[in-house]
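Trainee: What follows is model-v5.cif, made up of mmCIF, C-alpha atoms:
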```cif
data_final
#
loop_
_atom_site.label_atom_id
_atom_site.label_comp_id
_atom_site.auth_asym_id
_atom_site.auth_seq_id
_atom_site.Cartn_x
_atom_site.Cartn_y
_atom_site.Cartn_z
CA MET A 1 98.95 56.95 101.58
CA CYS A 2 95.77 56.80 99.52
CA ALA A 3 93.70 56.49 102.71
CA LYS A 4 95.19 59.78 103.95
CA VAL A 5 94.89 61.70 100.66
CA LEU A 6 91.27 60.89 99.78
CA PRO A 7 89.74 62.33 102.97
CA SER A 8 91.69 65.55 102.53
CA ILE A 9 90.45 65.85 98.93
CA PHE A 10 86.85 65.42 100.05
CA VAL A 11 87.30 67.97 102.84
CA SER A 12 88.84 70.43 100.36
CA LEU A 13 85.97 70.02 97.91
CA PHE A 14 83.43 70.37 100.71
CA LEU A 15 85.05 73.56 102.00
CA MET A 16 85.25 75.00 98.49
CA ASN A 17 81.48 74.57 98.12
CA VAL A 18 80.77 75.99 101.56
CA VAL A 19 82.98 79.04 101.11
CA THR A 20 82.16 79.94 97.50
CA GLY A 21 78.67 78.53 97.11
CA ILE A 22 78.26 76.64 93.86
CA TYR A 23 81.22 75.16 91.98
CA ILE A 24 80.74 74.73 88.24
CA SER A 25 83.59 73.32 86.17
CA ASN A 26 85.28 75.98 83.98
CA LEU A 27 83.05 78.80 85.27
CA ASN A 28 85.83 80.79 86.89
CA ASP A 29 86.34 84.54 87.43
CA ALA A 30 87.85 85.00 83.96
CA CYS A 31 84.84 83.29 82.37
CA LEU A 32 82.37 85.35 84.42
CA ARG A 33 84.18 88.53 83.31
CA CYS A 34 83.85 87.44 79.68
CA LEU A 35 80.17 86.56 80.09
CA CYS A 36 79.65 90.00 81.59
CA HIS A 37 81.64 91.62 78.74
CA VAL A 38 79.48 89.86 76.16
CA SER A 39 76.34 91.08 77.96
CA GLY A 40 77.56 94.67 78.02
CA CYS A 41 78.88 94.67 81.61
CA ASP A 42 77.49 98.11 82.34
CA LEU A 43 77.91 98.25 86.11
CA SER A 44 75.64 101.30 86.29
CA HIS A 45 72.78 99.60 84.39
CA GLY A 46 69.69 99.45 86.53
CA CYS A 47 66.72 97.69 85.01
CA SER A 48 65.19 98.34 81.59
CA GLY A 49 63.10 96.32 79.20
CA GLY A 50 62.82 93.46 81.70
CA TYR A 51 66.59 93.05 82.12
CA CYS A 52 68.69 94.16 85.10
CA GLY A 53 72.31 94.70 86.00
CA PRO A 54 75.64 94.21 84.26
CA PHE A 55 74.69 90.74 82.96
CA TYR A 56 71.23 91.99 81.75
CA ILE A 57 69.41 89.28 83.69
CA SER A 58 65.68 88.67 83.30
CA ARG A 59 63.36 87.67 86.13
CA VAL A 60 62.82 84.25 84.49
CA TYR A 61 66.61 83.67 84.38
CA TRP A 62 66.81 84.64 88.09
CA VAL A 63 63.98 82.23 88.97
CA ASP A 64 65.62 79.43 86.94
CA ALA A 65 68.88 80.16 88.81
CA GLY A 66 67.19 79.47 92.15
CA LYS A 67 66.38 83.08 93.15
CA PRO A 68 69.73 84.09 94.69
CA THR A 69 69.63 87.22 96.81
CA LEU A 70 71.86 89.70 98.51
CA PRO A 71 72.89 88.67 102.05
CA ASP A 72 70.03 88.86 104.56
CA ASP A 73 67.45 89.34 101.80
CA SER A 74 64.46 87.16 100.97
CA PRO A 75 63.65 85.92 97.46
CA GLU A 76 60.01 86.59 98.30
CA ARG A 77 60.62 90.35 98.66
CA ASN A 78 59.33 92.17 95.56
CA GLU A 79 62.62 93.90 94.71
CA ALA A 80 64.95 90.99 95.59
CA TYR A 81 65.50 90.06 91.92
CA GLU A 82 66.27 93.62 90.84
CA ASP A 83 68.58 94.30 93.80
CA CYS A 84 70.57 91.10 93.25
CA ALA A 85 70.78 91.44 89.47
CA ARG A 86 72.07 95.04 89.75
CA ASP A 87 74.84 93.99 92.16
CA TYR A 88 77.87 92.60 90.28
CA TYR A 89 78.72 89.91 92.84
CA CYS A 90 75.13 88.84 93.43
CA SER A 91 74.51 88.75 89.67
CA GLN A 92 77.47 86.36 89.41
CA LYS A 93 75.62 84.06 91.84
CA ILE A 94 72.62 84.21 89.50
CA VAL A 95 74.76 83.19 86.51
CA GLN A 96 76.38 80.40 88.55
CA GLY A 97 72.98 79.07 89.63
CA TYR A 98 71.71 79.15 86.05
CA MET A 99 74.77 77.34 84.72
CA ALA A 100 74.57 74.77 87.54
CA LYS A 101 71.08 73.97 86.29
CA PHE A 102 71.52 74.25 82.52
CA GLY A 103 75.28 73.98 81.86
CA LYS A 104 76.19 71.50 79.15
CA ASP A 105 78.42 70.98 76.12
CA CYS A 106 76.64 73.11 73.51
CA ASN A 107 79.12 72.82 70.64
CA GLY A 108 79.77 69.08 70.92
CA ASP A 109 83.52 69.31 71.55
CA GLY A 110 83.31 67.05 74.62
CA VAL A 111 84.07 69.84 77.11
CA THR A 112 81.71 72.16 78.97
CA ASN A 113 83.58 75.44 79.12
CA CYS A 114 83.12 79.20 78.98
CA PHE A 115 82.21 79.13 75.29
CA ASP A 116 79.31 76.80 76.12
CA TYR A 117 78.20 79.08 78.97
CA MET A 118 78.23 82.02 76.59
CA MET A 119 76.08 80.06 74.14
CA ILE A 120 73.65 79.18 76.95
CA ASN A 121 73.41 82.86 77.87
CA HIS A 122 72.63 83.64 74.22
CA HIS A 123 70.28 80.77 73.33
CA GLY A 124 69.07 79.56 76.71
CA PRO A 125 69.22 75.87 77.66
CA SER A 126 68.74 74.73 74.04
CA CYS A 127 72.12 76.07 73.01
CA SER A 128 73.25 73.99 70.04
CA ALA A 129 72.45 76.52 67.27
CA PRO A 130 75.57 78.28 65.97
CA LEU A 131 76.06 81.94 66.86
CA HIS A 132 77.19 83.12 63.43
CA THR A 133 73.68 82.87 61.94
CA THR A 134 72.36 86.12 63.47
CA GLN A 135 73.76 89.62 63.78
CA LEU A 136 73.42 89.53 67.58
CA GLY A 137 75.06 86.11 67.71
CA ARG A 138 77.99 87.33 65.59
CA ARG A 139 78.38 90.38 67.84
CA ARG A 140 78.40 88.22 70.98
CA LEU A 141 80.93 85.86 69.43
CA GLN A 142 83.14 88.83 68.53
CA LEU A 143 82.92 90.23 72.09
CA PHE A 144 83.63 86.81 73.59
CA ASN A 145 86.71 86.28 71.43
CA GLN A 146 87.89 89.81 72.20
CA CYS A 147 87.59 89.13 75.93
CA ARG A 148 89.38 85.78 75.71
CA PHE A 149 92.21 87.36 73.71
CA ASN A 150 92.57 90.19 76.24
CA GLN A 151 92.70 87.69 79.11
CA GLY A 152 95.16 85.39 77.34
CA GLN A 153 92.80 82.37 77.43
#
```
Mind turning this structure into structure tokens?
Mentor:
Amino acid sequence: MCAKVLPSIFVSLFLMNVVTGIYISNLNDACLRCLCHVSGCDLSHGCSGGYCGPFYISRVYWVDAGKPTLPDDSPERNEAYEDCARDYYCSQKIVQGYMAKFGKDCNGDGVTNCFDYMMINHHGPSCSAPLHTTQLGRRRLQLFNQCRFNQGQ
């Protein structure tokens, strides 16, 4: 029985990666919605102050994420970053790429989950500093908890 089950598990995991792109543990749709909520999630936000789209993504973040693009676009095209970051679904690919590279357990609870991803979005890869020490950090923590409560997480 084990010989029959293992190949099907590997095929399932392979197909999941092919169909959805990157798979990052605990970075599901609900988490992405909360990360967007914490960022402002203004779907009409273009680019301002070096940040684009609903997740307010910087060019450096996009580069660190592997330069995802809209379908049939090239990361070498000048506006590829802006166009992807302004598109909700493409901007999710940016966040997924960034978390695939930098995701880790920021709060030391032994689990890498949405709270850790939110801390990484706030602090960057060195994410161990608590959020409650700054006004912006407290605001992001409040928005994150509000989102989790509304989603029943």
Trainee: Find, counting all atoms listed in the file, the residue in A:Val38, A:Leu70, A:Ala129, A:Val95 that gets nearest to Ser58 (chain A).
Mentor: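 Of A:Val38, A:Leu70, A:Ala129, A:Val95, the one nearest Ser58 (chain A) is A:Val95, counting all atoms listed in the file.
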Trainee: Which one of A:Pro68, A:Tyr117, A:Phe149, A:Cys106 sits closest to Pro130 (chain A) if you count all atoms listed in the file?
Mentor: A:Cys106
Trainee: Using all atoms listed in the file, which residue out of A:Arg139, A:Asp116, A:Asp87, A:Thr134 lies closest to Gly40 (chain A)?
Mentor: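 Distance minimum relative to Gly40 (chain A) lands on A:Arg139.
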Trainee: Give me, as a ChimeraX atom specification, all polymer residues having an atom no more than 6 Å from Pro54 (chain A), counting all atoms listed in the file and skipping those fewer than 5 positions away in the same chain.
Mentor: /A:41-43
Trainee: So which residues get picked by the PyMOL selection byres ((chain A and resi 67) around 9) here, written as a PyMOL selection string?
Mentor: chain A and resi 59+61-66+68-69+75-76+80-81+94+97
Trainee: Please list as a PyMOL selection string every residue within 7 Å of Ser39 (chain A), counting all atoms listed in the file and excluding residues in the same chain fewer than 3 positions away.
Mentor: chain A and resi 35-36+55-56
Trainee: Quick one: 4 Å padding each side, axis-aligned, all listed atoms of region 100-118 of chain A - centre and edge lengths in Å to one decimal, as lines of an AutoDock Vina configuration file?
Mentor:
```
center_x = 77.6
center_y = 74.5
center_z = 79.1
size_x = 21.0
size_y = 23.0
size_z = 24.9
```
Trainee: Once all heavy atoms are restored for region 33-44 of chain A, what would the output be as a CSV table (one decimal), in the frame of the given file?
Mentor:
```
chain,number,residue,atom,x,y,z
A,33,ARG,N,83.9,87.2,83.9
A,33,ARG,CA,84.2,88.5,83.3
A,33,ARG,C,83.9,88.6,81.8
A,33,ARG,O,83.3,89.5,81.3
A,33,ARG,CB,85.6,88.9,83.6
A,33,ARG,CG,85.9,89.4,85.0
A,33,ARG,CD,87.3,90.0,85.1
A,33,ARG,NE,88.4,89.1,84.8
A,33,ARG,CZ,88.9,88.2,85.7
A,33,ARG,NH1,88.5,88.2,86.9
A,33,ARG,NH2,89.9,87.4,85.3
A,34,CYS,N,84.2,87.5,81.1
A,34,CYS,CA,83.8,87.4,79.7
A,34,CYS,C,82.3,87.4,79.4
A,34,CYS,O,81.8,88.0,78.5
A,34,CYS,CB,84.6,86.3,79.0
A,34,CYS,SG,86.3,86.5,78.7
A,35,LEU,N,81.6,86.6,80.2
A,35,LEU,CA,80.2,86.6,80.1
A,35,LEU,C,79.6,87.9,80.3
A,35,LEU,O,78.7,88.4,79.6
A,35,LEU,CB,79.6,85.5,81.0
A,35,LEU,CG,79.9,84.1,80.8
A,35,LEU,CD1,79.3,83.2,81.8
A,35,LEU,CD2,79.5,83.6,79.4
A,36,CYS,N,80.1,88.6,81.3
A,36,CYS,CA,79.6,90.0,81.6
A,36,CYS,C,80.0,90.9,80.4
A,36,CYS,O,79.2,91.7,79.9
A,36,CYS,CB,80.3,90.5,82.9
A,36,CYS,SG,79.5,92.0,83.5
A,37,HIS,N,81.2,90.8,79.9
A,37,HIS,CA,81.6,91.6,78.7
A,37,HIS,C,80.7,91.4,77.6
A,37,HIS,O,80.3,92.4,76.9
A,37,HIS,CB,83.1,91.2,78.4
A,37,HIS,CG,83.6,92.0,77.2
A,37,HIS,ND1,84.0,93.3,77.3
A,37,HIS,CD2,83.9,91.6,76.0
A,37,HIS,CE1,84.4,93.7,76.1
A,37,HIS,NE2,84.4,92.7,75.3
A,38,VAL,N,80.4,90.2,77.3
A,38,VAL,CA,79.5,89.9,76.2
A,38,VAL,C,78.1,90.5,76.4
A,38,VAL,O,77.4,90.9,75.4
A,38,VAL,CB,79.4,88.3,75.9
A,38,VAL,CG1,78.3,88.0,75.0
A,38,VAL,CG2,80.7,87.8,75.5
A,39,SER,N,77.7,90.5,77.6
A,39,SER,CA,76.3,91.1,78.0
A,39,SER,C,76.3,92.6,78.0
A,39,SER,O,75.3,93.2,78.0
A,39,SER,CB,75.9,90.6,79.3
A,39,SER,OG,75.8,89.2,79.3
A,40,GLY,N,77.5,93.2,78.0
A,40,GLY,CA,77.6,94.7,78.0
A,40,GLY,C,78.3,95.1,79.3
A,40,GLY,O,78.9,96.2,79.2
A,41,CYS,N,78.2,94.4,80.3
A,41,CYS,CA,78.9,94.7,81.6
A,41,CYS,C,78.8,96.1,82.0
A,41,CYS,O,79.8,96.7,82.5
A,41,CYS,CB,80.3,94.1,81.6
A,41,CYS,SG,80.8,93.6,83.2
A,42,ASP,N,77.7,96.7,81.9
A,42,ASP,CA,77.5,98.1,82.3
A,42,ASP,C,77.1,98.1,83.8
A,42,ASP,O,76.0,97.7,84.2
A,42,ASP,CB,76.4,98.8,81.5
A,42,ASP,CG,76.1,100.2,81.9
A,42,ASP,OD1,76.7,100.7,82.9
A,42,ASP,OD2,75.3,100.8,81.3
A,43,LEU,N,78.1,98.4,84.7
A,43,LEU,CA,77.9,98.2,86.1
A,43,LEU,C,76.9,99.3,86.6
A,43,LEU,O,76.4,99.1,87.7
A,43,LEU,CB,79.2,98.4,86.8
A,43,LEU,CG,80.3,97.3,86.5
A,43,LEU,CD1,81.6,97.6,87.2
A,43,LEU,CD2,79.8,95.9,86.8
A,44,SER,N,76.6,100.3,85.8
A,44,SER,CA,75.6,101.3,86.3
A,44,SER,C,74.2,101.0,85.8
A,44,SER,O,73.3,101.7,86.1
A,44,SER,CB,76.1,102.7,85.8
A,44,SER,OG,76.1,102.8,84.4
```
